[in-house]
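Asker: File coords-v6.csv follows (CSV, C-alpha atoms):
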```
chain,number,residue,atom,x,y,z
Z,1,GLY,CA,-25.3,14.4,13.6
Z,2,GLU,CA,-23.2,15.7,10.7
Z,3,LEU,CA,-21.5,19.0,10.3
Z,4,SER,CA,-20.1,20.0,6.9
Z,5,LEU,CA,-17.8,22.9,6.3
Z,6,ALA,CA,-16.9,21.4,3.0
Z,7,PHE,CA,-16.0,23.8,0.1
Z,8,ARG,CA,-15.9,26.8,2.4
Z,9,GLU,CA,-12.7,28.8,2.9
Z,10,VAL,CA,-12.4,28.5,6.7
Z,11,SER,CA,-8.7,27.5,7.2
Z,12,PHE,CA,-9.7,26.3,10.7
Z,13,ILE,CA,-12.9,25.4,12.5
Z,14,PRO,CA,-14.5,28.6,14.0
Z,15,THR,CA,-14.5,28.6,17.8
Z,16,GLU,CA,-18.2,29.4,18.0
Z,17,VAL,CA,-19.0,26.4,15.7
Z,18,ALA,CA,-16.8,24.0,17.7
Z,19,LEU,CA,-18.2,25.1,21.0
Z,20,ARG,CA,-21.9,24.9,19.8
Z,21,GLU,CA,-21.6,21.7,17.8
Z,22,GLY,CA,-18.6,19.8,19.1
Z,23,GLY,CA,-20.4,17.7,21.7
Z,24,VAL,CA,-23.1,16.3,19.3
Z,25,VAL,CA,-21.4,16.0,15.9
Z,26,THR,CA,-20.4,12.5,14.9
Z,27,THR,CA,-19.4,13.2,11.3
Z,28,LEU,CA,-17.3,16.2,10.4
Z,29,ASN,CA,-16.7,17.0,6.7
Z,30,LEU,CA,-13.9,19.4,6.1
Z,31,THR,CA,-13.5,18.6,2.4
Z,32,GLU,CA,-11.7,21.3,0.4
Z,33,CYS,CA,-12.1,24.0,3.0
Z,34,GLY,CA,-8.6,25.3,2.9
Z,35,LEU,CA,-7.8,23.7,6.3
Z,36,ARG,CA,-4.5,24.9,7.5
Z,37,SER,CA,-4.8,24.2,11.2
Z,38,PRO,CA,-6.7,21.6,13.3
Z,39,THR,CA,-7.6,24.4,15.8
Z,40,ASN,CA,-10.8,23.6,17.8
Z,41,LEU,CA,-11.0,20.0,16.5
Z,42,GLU,CA,-10.5,18.8,20.1
Z,43,HIS,CA,-14.0,20.0,20.9
Z,44,PHE,CA,-15.5,17.3,18.8
Z,45,SER,CA,-15.5,14.6,21.5
Z,46,GLN,CA,-18.2,12.4,19.9
Z,47,LEU,CA,-16.6,12.3,16.4
Z,48,THR,CA,-16.6,8.9,14.6
Z,49,THR,CA,-16.1,10.1,11.0
Z,50,LEU,CA,-13.5,12.7,10.0
Z,51,ILE,CA,-13.3,13.8,6.4
Z,52,LEU,CA,-10.2,15.8,5.5
Z,53,ASP,CA,-10.2,15.4,1.7
Z,54,LYS,CA,-8.6,17.9,-0.7
Z,55,ASN,CA,-6.8,20.2,1.8
Z,56,GLU,CA,-3.2,19.8,0.6
Z,57,LEU,CA,-2.3,18.3,4.0
Z,58,ALA,CA,1.2,16.7,4.1
Z,59,SER,CA,0.7,15.2,7.6
Z,60,LEU,CA,-1.4,15.2,10.7
Z,61,GLU,CA,0.9,17.3,12.7
Z,62,GLY,CA,-0.8,19.3,15.4
Z,63,PHE,CA,-4.0,17.2,15.2
Z,64,PRO,CA,-5.5,16.1,18.6
Z,65,GLU,CA,-5.9,12.6,19.8
Z,66,MET,CA,-9.4,11.4,19.0
Z,67,PRO,CA,-10.0,7.8,20.1
Z,68,SER,CA,-13.7,8.0,19.1
Z,69,VAL,CA,-12.8,8.4,15.3
Z,70,GLN,CA,-13.4,5.1,13.4
Z,71,THR,CA,-13.5,6.5,9.8
Z,72,LEU,CA,-10.7,8.8,8.5
Z,73,TRP,CA,-10.7,10.1,4.9
Z,74,CYS,CA,-7.6,11.9,3.8
Z,75,ASN,CA,-8.0,11.6,0.1
Z,76,ASN,CA,-6.5,14.0,-2.5
Z,77,ASN,CA,-4.0,15.6,-0.2
Z,78,SER,CA,-0.2,15.9,-0.3
Z,79,ILE,CA,0.8,13.0,2.0
Z,80,GLU,CA,4.2,11.5,0.9
Z,81,ASP,CA,5.5,9.8,4.0
Z,82,LEU,CA,3.3,6.8,4.4
Z,83,PRO,CA,5.1,5.3,7.4
Z,84,GLY,CA,5.0,8.6,9.2
Z,85,PHE,CA,1.4,9.1,8.4
Z,86,ILE,CA,0.5,5.7,9.7
Z,87,ASP,CA,2.4,6.4,12.9
Z,88,ALA,CA,0.2,9.4,13.4
Z,89,VAL,CA,-3.0,7.5,12.6
Z,90,LEU,CA,-2.1,4.9,15.2
Z,91,ARG,CA,-1.4,7.5,17.8
Z,92,LEU,CA,-4.3,9.9,17.1
Z,93,TYR,CA,-7.0,7.5,16.0
Z,94,PRO,CA,-6.3,4.1,17.6
Z,95,ASN,CA,-9.8,2.8,16.9
Z,96,VAL,CA,-9.9,3.6,13.1
Z,97,THR,CA,-11.4,0.8,11.0
Z,98,TYR,CA,-11.9,2.7,7.8
Z,99,LEU,CA,-9.0,4.6,6.3
Z,100,SER,CA,-8.9,6.2,2.8
Z,101,LEU,CA,-5.7,7.7,1.4
Z,102,MET,CA,-6.5,7.7,-2.3
Z,103,ARG,CA,-4.8,10.3,-4.6
Z,104,ASN,CA,-1.9,11.0,-2.3
Z,105,PRO,CA,1.8,10.7,-3.4
Z,106,CYS,CA,2.2,8.0,-0.7
Z,107,ASN,CA,-0.4,5.8,-2.6
Z,108,ARG,CA,1.0,5.5,-6.1
Z,109,ALA,CA,-1.5,2.8,-6.9
Z,110,TYR,CA,-4.3,5.2,-7.2
Z,111,MET,CA,-2.6,8.0,-9.1
Z,112,ASP,CA,-4.4,6.7,-12.2
Z,113,ILE,CA,-7.8,5.4,-11.1
Z,114,VAL,CA,-8.7,4.2,-14.6
Z,115,GLN,CA,-5.6,1.9,-14.7
Z,116,PRO,CA,-4.3,1.5,-11.1
Z,117,ASP,CA,-0.8,0.1,-10.6
Z,118,LEU,CA,-1.9,-3.3,-9.3
Z,119,ASP,CA,1.6,-4.3,-8.0
Z,120,ALA,CA,1.9,-1.0,-6.1
Z,121,LEU,CA,-1.7,-1.4,-4.8
Z,122,ARG,CA,-0.9,-4.8,-3.4
Z,123,LEU,CA,2.3,-3.7,-1.6
Z,124,TYR,CA,0.5,-0.5,-0.3
Z,125,ARG,CA,-2.4,-2.5,1.1
Z,126,LEU,CA,-0.1,-5.1,2.6
Z,127,TYR,CA,2.0,-2.4,4.4
Z,128,VAL,CA,-1.0,-0.5,5.7
Z,129,LEU,CA,-2.8,-3.6,6.9
Z,130,HIS,CA,0.4,-4.9,8.6
Z,131,ARG,CA,0.5,-1.6,10.5
Z,132,ILE,CA,-3.2,-1.3,11.2
Z,133,PRO,CA,-4.7,-4.8,11.2
Z,134,ALA,CA,-7.9,-3.6,12.7
Z,135,LEU,CA,-8.9,-1.9,9.4
Z,136,ARG,CA,-12.1,-3.3,7.8
Z,137,THR,CA,-12.1,-0.9,4.8
Z,138,LEU,CA,-9.1,0.6,3.1
Z,139,ASP,CA,-9.6,3.1,0.2
Z,140,ALA,CA,-13.3,2.2,-0.3
Z,141,ASN,CA,-12.4,-1.6,-0.6
Z,142,ASP,CA,-13.2,-4.1,2.1
Z,143,VAL,CA,-10.3,-5.8,3.7
Z,144,THR,CA,-10.3,-9.6,3.2
Z,145,GLY,CA,-9.1,-12.3,5.6
Z,146,GLU,CA,-6.6,-13.4,2.9
Z,147,GLU,CA,-5.1,-9.9,2.8
Z,148,LEU,CA,-4.8,-9.7,6.6
Z,149,SER,CA,-3.0,-13.1,6.7
Z,150,GLU,CA,-0.6,-12.0,3.9
Z,151,ALA,CA,-0.1,-8.7,5.6
Z,152,ARG,CA,0.9,-10.4,8.9
Z,153,LEU,CA,3.5,-12.5,7.0
Z,154,ARG,CA,4.8,-10.0,4.4
Z,155,GLY,CA,3.6,-6.5,5.3
Z,156,GLN,CA,6.8,-5.5,7.0
Z,157,PHE,CA,8.7,-6.1,3.8
Z,158,ALA,CA,6.4,-3.9,1.7
Z,159,VAL,CA,7.7,-0.6,3.2
Z,160,PRO,CA,7.1,2.1,0.6
Z,161,ARG,CA,9.8,4.3,-0.7
Z,162,ARG,CA,9.4,8.0,-1.0
Z,163,PRO,CA,8.9,9.1,-4.6
Z,164,SER,CA,11.7,11.2,-6.2
Z,165,ALA,CA,11.3,15.0,-6.5
Z,166,LYS,CA,11.3,14.7,-10.3
Z,167,ARG,CA,8.4,12.2,-10.4
Z,168,ARG,CA,6.4,14.3,-7.9
Z,169,SER,CA,6.7,17.5,-9.9
Z,170,SER,CA,5.8,15.9,-13.3
Z,171,SER,CA,2.5,14.3,-12.0
Z,172,GLY,CA,1.1,17.3,-10.2
Z,173,ALA,CA,-1.4,18.7,-12.8
Z,174,GLU,CA,-2.6,15.2,-13.8
Z,175,ALA,CA,-3.0,14.3,-10.1
Z,176,GLN,CA,-5.1,17.3,-9.4
Z,177,ALA,CA,-7.5,16.5,-12.3
Z,178,VAL,CA,-7.9,12.9,-11.2
Z,179,ALA,CA,-8.2,14.0,-7.6
Z,180,ARG,CA,-11.2,16.2,-8.4
Z,181,ARG,CA,-12.9,13.3,-10.2
Z,182,GLN,CA,-12.3,10.9,-7.4
Z,183,ALA,CA,-13.5,13.4,-4.7
Z,184,GLU,CA,-16.8,13.7,-6.6
Z,185,GLU,CA,-17.2,10.0,-6.9
Z,186,GLN,CA,-16.5,9.5,-3.2
Z,187,ALA,CA,-19.0,12.2,-2.3
Z,188,GLN,CA,-21.6,10.4,-4.4
Z,189,ARG,CA,-20.8,7.1,-2.6
Z,190,LEU,CA,-21.1,8.8,0.8
Z,191,ALA,CA,-24.5,10.2,-0.2
Z,192,ALA,CA,-25.7,6.8,-1.4
Z,193,ALA,CA,-24.5,5.2,1.9
Z,194,ARG,CA,-26.4,7.8,3.9
Z,195,GLN,CA,-29.6,7.2,1.9
Z,196,GLN,CA,-29.3,3.4,2.5
Z,197,ARG,CA,-29.0,4.0,6.3
Z,198,GLY,CA,-32.2,5.8,6.3
```
Any chance you could put this one into structure tokens?
Answerer:
Amino acid sequence: GELSLAFREVSFIPTEVALREGGVVTTLNLTECGLRSPTNLEHFSQLTTLILDKNELASLEGFPEMPSVQTLWCNNNSIEDLPGFIDAVLRLYPNVTYLSLMRNPCNRAYMDIVQPDLDALRLYRLYVLHRIPALRTLDANDVTGEELSEARLRGQFAVPRRPSAKRRSSSGAEAQAVARRQAEEQAQRLAAARQQRG
């Protein structure tokens, strides 16, 4: 089943909730809940979908290994270090096939969703797919065989650079506005997908 703590100020998963629900929940939605600690996440042994959108997370430090997780959404956070983040994903969620990192500083391509930076998008996708070739969906877009082939050949050369401090500070307010819009759109897509499944 699904457990949503979205839009509630909880900062961590309450122990009583984790102990009661952890063994049966397959989808855990922690969108914009003020998450500051992954405390009690280890109790969710059946989890296949983990949604961490809009929590100002900079990394997955302290998160438990969860090999059952196949879908990981970390949209609208503060992730800057893409190589470090991918290292953590590979270690913590080795079976992930759907990863979404839209509206993070490490993914410049989607800082403007109306006019995405297509060159940055291509390099970002090549790098992520080079590192995690098992992905079938990246940022709500299906992975193509052509992309995987190119990622195998060129992905290691698409290593992203960290944005400068000046650029990060100037885009903060704009990023938050677009982040809100994108989170709403993604929530609508998730609801539509659930309705289709029955």
Asker: Would you list the contacts of segment 82-90 of chain Z as a PyMOL selection string, taking every protein, DNA or RNA residue within 9 Å and counting all atoms listed in the file, but skipping same-chain residues closer than 6 positions in sequence?
Answerer: chain Z and resi 58-61+72+96+105-107+127-128+131-132+159-162
Asker: Please report as a tab-separated table every residue of segment 35-121 of chain Z lying within 10 Å of segment 6-15 of chain Z, along with the nearest atom pair and their distance in Å (one decimal), using only C-alpha atoms.
Answerer:
```
residue	atom	partner	partner_atom	distance
Z:Leu35	CA	Z:Ser11	CA	4.0
Z:Arg36	CA	Z:Ser11	CA	4.9
Z:Ser37	CA	Z:Phe12	CA	5.4
Z:Pro38	CA	Z:Phe12	CA	6.2
Z:Thr39	CA	Z:Phe12	CA	5.8
Z:Asn40	CA	Z:Ile13	CA	6.0
Z:Leu41	CA	Z:Ile13	CA	7.0
Z:His43	CA	Z:Thr15	CA	9.2
Z:Ile51	CA	Z:Ala6	CA	9.1
Z:Leu52	CA	Z:Ala6	CA	9.1
Z:Asp53	CA	Z:Ala6	CA	9.1
Z:Lys54	CA	Z:Phe7	CA	9.5
Z:Asn55	CA	Z:Ser11	CA	9.3
```
Asker: When you count only C-alpha atoms, which of these residues is closest to Ile79 of chain Z: Z:Asn104, Z:Thr144, Z:Gln115, Z:Thr48?
Answerer: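 That would be Z:Asn104, the residue with the smallest distance to Ile79 of chain Z.
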Asker: Compute the distance from (-7.2, 2.1, 3.6) to each atom, counting all atoms listed in the file, keep the residues with any atom at most 7 Å away, and return them as JSON, numbers by chain; use the coordinates of the file.
Answerer: {"Z": [98, 99, 100, 101, 137, 138, 139]}
Asker: Might you pull out every residue within 12 Å of Arg152 of chain Z, with only C-alpha atoms counted and same-chain residues fewer than 3 positions away left off, and present them as an MDAnalysis selection string?
Answerer: chainID Z and resid 125:134 145:149 155:158
Asker: So how far away is atom CA of Pro67 of chain Z from atom CA of Gly23 of chain Z, in Å?
Answerer: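 These two atoms are separated by 14.4 Å.
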Asker: In Å to one decimal, how far is atom CA of Ser78 of chain Z from atom CA of Ala109 of chain Z?
Answerer: 14.7 Å
Asker: Would you mind reading off the distance between atom CA of Arg20 of chain Z and atom CA of Phe44 of chain Z, one decimal, in Å?
Answerer: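 Between atom CA of Arg20 of chain Z and atom CA of Phe44 of chain Z the gap works out to 10.0 Å.
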Asker: Using only C-alpha atoms, which of the listed residues (Z:Ala18, Z:Arg136, Z:Glu56, Z:Tyr124) sits closest to Ala151 of chain Z?
Answerer: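 For Ala151 of chain Z, the nearest of the given residues is Z:Tyr124.
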Asker: Of the candidates Z:Glu2, Z:Pro64, Z:Ser45, Z:Asp119, which shows the shortest atom-to-atom distance to Gly22 of chain Z, using all atoms listed in the file?
Answerer: Z:Ser45
Asker: When distances are computed from only C-alpha atoms, which of Z:Thr71, Z:Arg91, Z:Leu19, Z:Leu153 shows the smallest separation from Leu135 of chain Z?
Answerer: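 The shortest atom-to-atom distance to Leu135 of chain Z comes from Z:Thr71.
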Asker: Of the candidates Z:Leu118, Z:Val143, Z:Leu57, Z:Val69, which shows the shortest atom-to-atom distance to Glu42 of chain Z, using only C-alpha atoms?
Answerer: Z:Val69
Asker: When you get a chance, write out N, CA, C and O atoms for segment 112-129 of chain Z, as a PDB file, in the frame of the given file.
Answerer:
```
ATOM      1  N   ASP Z 112      -3.579   6.807 -10.976  1.00  0.00           N
ATOM      2  CA  ASP Z 112      -4.400   6.700 -12.200  1.00  0.00           C
ATOM      3  C   ASP Z 112      -5.536   5.713 -11.819  1.00  0.00           C
ATOM      4  O   ASP Z 112      -5.347   4.502 -11.771  1.00  0.00           O
ATOM      5  N   ILE Z 113      -6.715   6.270 -11.538  1.00  0.00           N
ATOM      6  CA  ILE Z 113      -7.800   5.400 -11.100  1.00  0.00           C
ATOM      7  C   ILE Z 113      -8.420   4.588 -12.202  1.00  0.00           C
ATOM      8  O   ILE Z 113      -9.100   3.607 -11.946  1.00  0.00           O
ATOM      9  N   VAL Z 114      -8.177   4.977 -13.449  1.00  0.00           N
ATOM     10  CA  VAL Z 114      -8.700   4.200 -14.600  1.00  0.00           C
ATOM     11  C   VAL Z 114      -7.854   2.916 -14.724  1.00  0.00           C
ATOM     12  O   VAL Z 114      -8.393   1.825 -14.930  1.00  0.00           O
ATOM     13  N   GLN Z 115      -6.532   3.045 -14.612  1.00  0.00           N
ATOM     14  CA  GLN Z 115      -5.600   1.900 -14.700  1.00  0.00           C
ATOM     15  C   GLN Z 115      -4.693   1.916 -13.501  1.00  0.00           C
ATOM     16  O   GLN Z 115      -3.537   2.310 -13.615  1.00  0.00           O
ATOM     17  N   PRO Z 116      -5.189   1.497 -12.330  1.00  0.00           N
ATOM     18  CA  PRO Z 116      -4.300   1.500 -11.100  1.00  0.00           C
ATOM     19  C   PRO Z 116      -3.152   0.578 -11.295  1.00  0.00           C
ATOM     20  O   PRO Z 116      -3.234  -0.434 -11.981  1.00  0.00           O
ATOM     21  N   ASP Z 117      -2.042   0.930 -10.653  1.00  0.00           N
ATOM     22  CA  ASP Z 117      -0.800   0.100 -10.600  1.00  0.00           C
ATOM     23  C   ASP Z 117      -1.106  -1.029  -9.629  1.00  0.00           C
ATOM     24  O   ASP Z 117      -1.008  -0.840  -8.420  1.00  0.00           O
ATOM     25  N   LEU Z 118      -1.446  -2.212 -10.136  1.00  0.00           N
ATOM     26  CA  LEU Z 118      -1.900  -3.300  -9.300  1.00  0.00           C
ATOM     27  C   LEU Z 118      -0.781  -3.827  -8.358  1.00  0.00           C
ATOM     28  O   LEU Z 118      -1.047  -4.214  -7.215  1.00  0.00           O
ATOM     29  N   ASP Z 119       0.463  -3.834  -8.834  1.00  0.00           N
ATOM     30  CA  ASP Z 119       1.600  -4.300  -8.000  1.00  0.00           C
ATOM     31  C   ASP Z 119       1.763  -3.283  -6.827  1.00  0.00           C
ATOM     32  O   ASP Z 119       1.926  -3.685  -5.671  1.00  0.00           O
ATOM     33  N   ALA Z 120       1.761  -1.996  -7.149  1.00  0.00           N
ATOM     34  CA  ALA Z 120       1.900  -1.000  -6.100  1.00  0.00           C
ATOM     35  C   ALA Z 120       0.725  -1.026  -5.137  1.00  0.00           C
ATOM     36  O   ALA Z 120       0.896  -0.868  -3.925  1.00  0.00           O
ATOM     37  N   LEU Z 121      -0.472  -1.287  -5.662  1.00  0.00           N
ATOM     38  CA  LEU Z 121      -1.700  -1.400  -4.800  1.00  0.00           C
ATOM     39  C   LEU Z 121      -1.525  -2.517  -3.810  1.00  0.00           C
ATOM     40  O   LEU Z 121      -1.803  -2.351  -2.626  1.00  0.00           O
ATOM     41  N   ARG Z 122      -1.076  -3.668  -4.280  1.00  0.00           N
ATOM     42  CA  ARG Z 122      -0.900  -4.800  -3.400  1.00  0.00           C
ATOM     43  C   ARG Z 122       0.084  -4.530  -2.285  1.00  0.00           C
ATOM     44  O   ARG Z 122      -0.176  -4.801  -1.104  1.00  0.00           O
ATOM     45  N   LEU Z 123       1.231  -3.969  -2.642  1.00  0.00           N
ATOM     46  CA  LEU Z 123       2.300  -3.700  -1.600  1.00  0.00           C
ATOM     47  C   LEU Z 123       1.775  -2.607  -0.648  1.00  0.00           C
ATOM     48  O   LEU Z 123       1.991  -2.722   0.569  1.00  0.00           O
ATOM     49  N   TYR Z 124       1.098  -1.590  -1.165  1.00  0.00           N
ATOM     50  CA  TYR Z 124       0.500  -0.500  -0.300  1.00  0.00           C
ATOM     51  C   TYR Z 124      -0.437  -1.122   0.700  1.00  0.00           C
ATOM     52  O   TYR Z 124      -0.363  -0.863   1.909  1.00  0.00           O
ATOM     53  N   ARG Z 125      -1.363  -1.940   0.213  1.00  0.00           N
ATOM     54  CA  ARG Z 125      -2.400  -2.500   1.100  1.00  0.00           C
ATOM     55  C   ARG Z 125      -1.721  -3.447   2.137  1.00  0.00           C
ATOM     56  O   ARG Z 125      -2.093  -3.439   3.311  1.00  0.00           O
ATOM     57  N   LEU Z 126      -0.736  -4.243   1.690  1.00  0.00           N
ATOM     58  CA  LEU Z 126      -0.100  -5.100   2.600  1.00  0.00           C
ATOM     59  C   LEU Z 126       0.618  -4.334   3.747  1.00  0.00           C
ATOM     60  O   LEU Z 126       0.544  -4.698   4.925  1.00  0.00           O
ATOM     61  N   TYR Z 127       1.278  -3.249   3.357  1.00  0.00           N
ATOM     62  CA  TYR Z 127       2.000  -2.400   4.400  1.00  0.00           C
ATOM     63  C   TYR Z 127       0.991  -1.801   5.345  1.00  0.00           C
ATOM     64  O   TYR Z 127       1.171  -1.889   6.564  1.00  0.00           O
ATOM     65  N   VAL Z 128      -0.052  -1.167   4.821  1.00  0.00           N
ATOM     66  CA  VAL Z 128      -1.000  -0.500   5.700  1.00  0.00           C
ATOM     67  C   VAL Z 128      -1.703  -1.485   6.616  1.00  0.00           C
ATOM     68  O   VAL Z 128      -1.857  -1.238   7.821  1.00  0.00           O
ATOM     69  N   LEU Z 129      -2.092  -2.637   6.084  1.00  0.00           N
ATOM     70  CA  LEU Z 129      -2.800  -3.600   6.900  1.00  0.00           C
ATOM     71  C   LEU Z 129      -1.843  -4.288   7.913  1.00  0.00           C
ATOM     72  O   LEU Z 129      -2.281  -4.706   8.989  1.00  0.00           O
TER      73      LEU Z 129
END
```
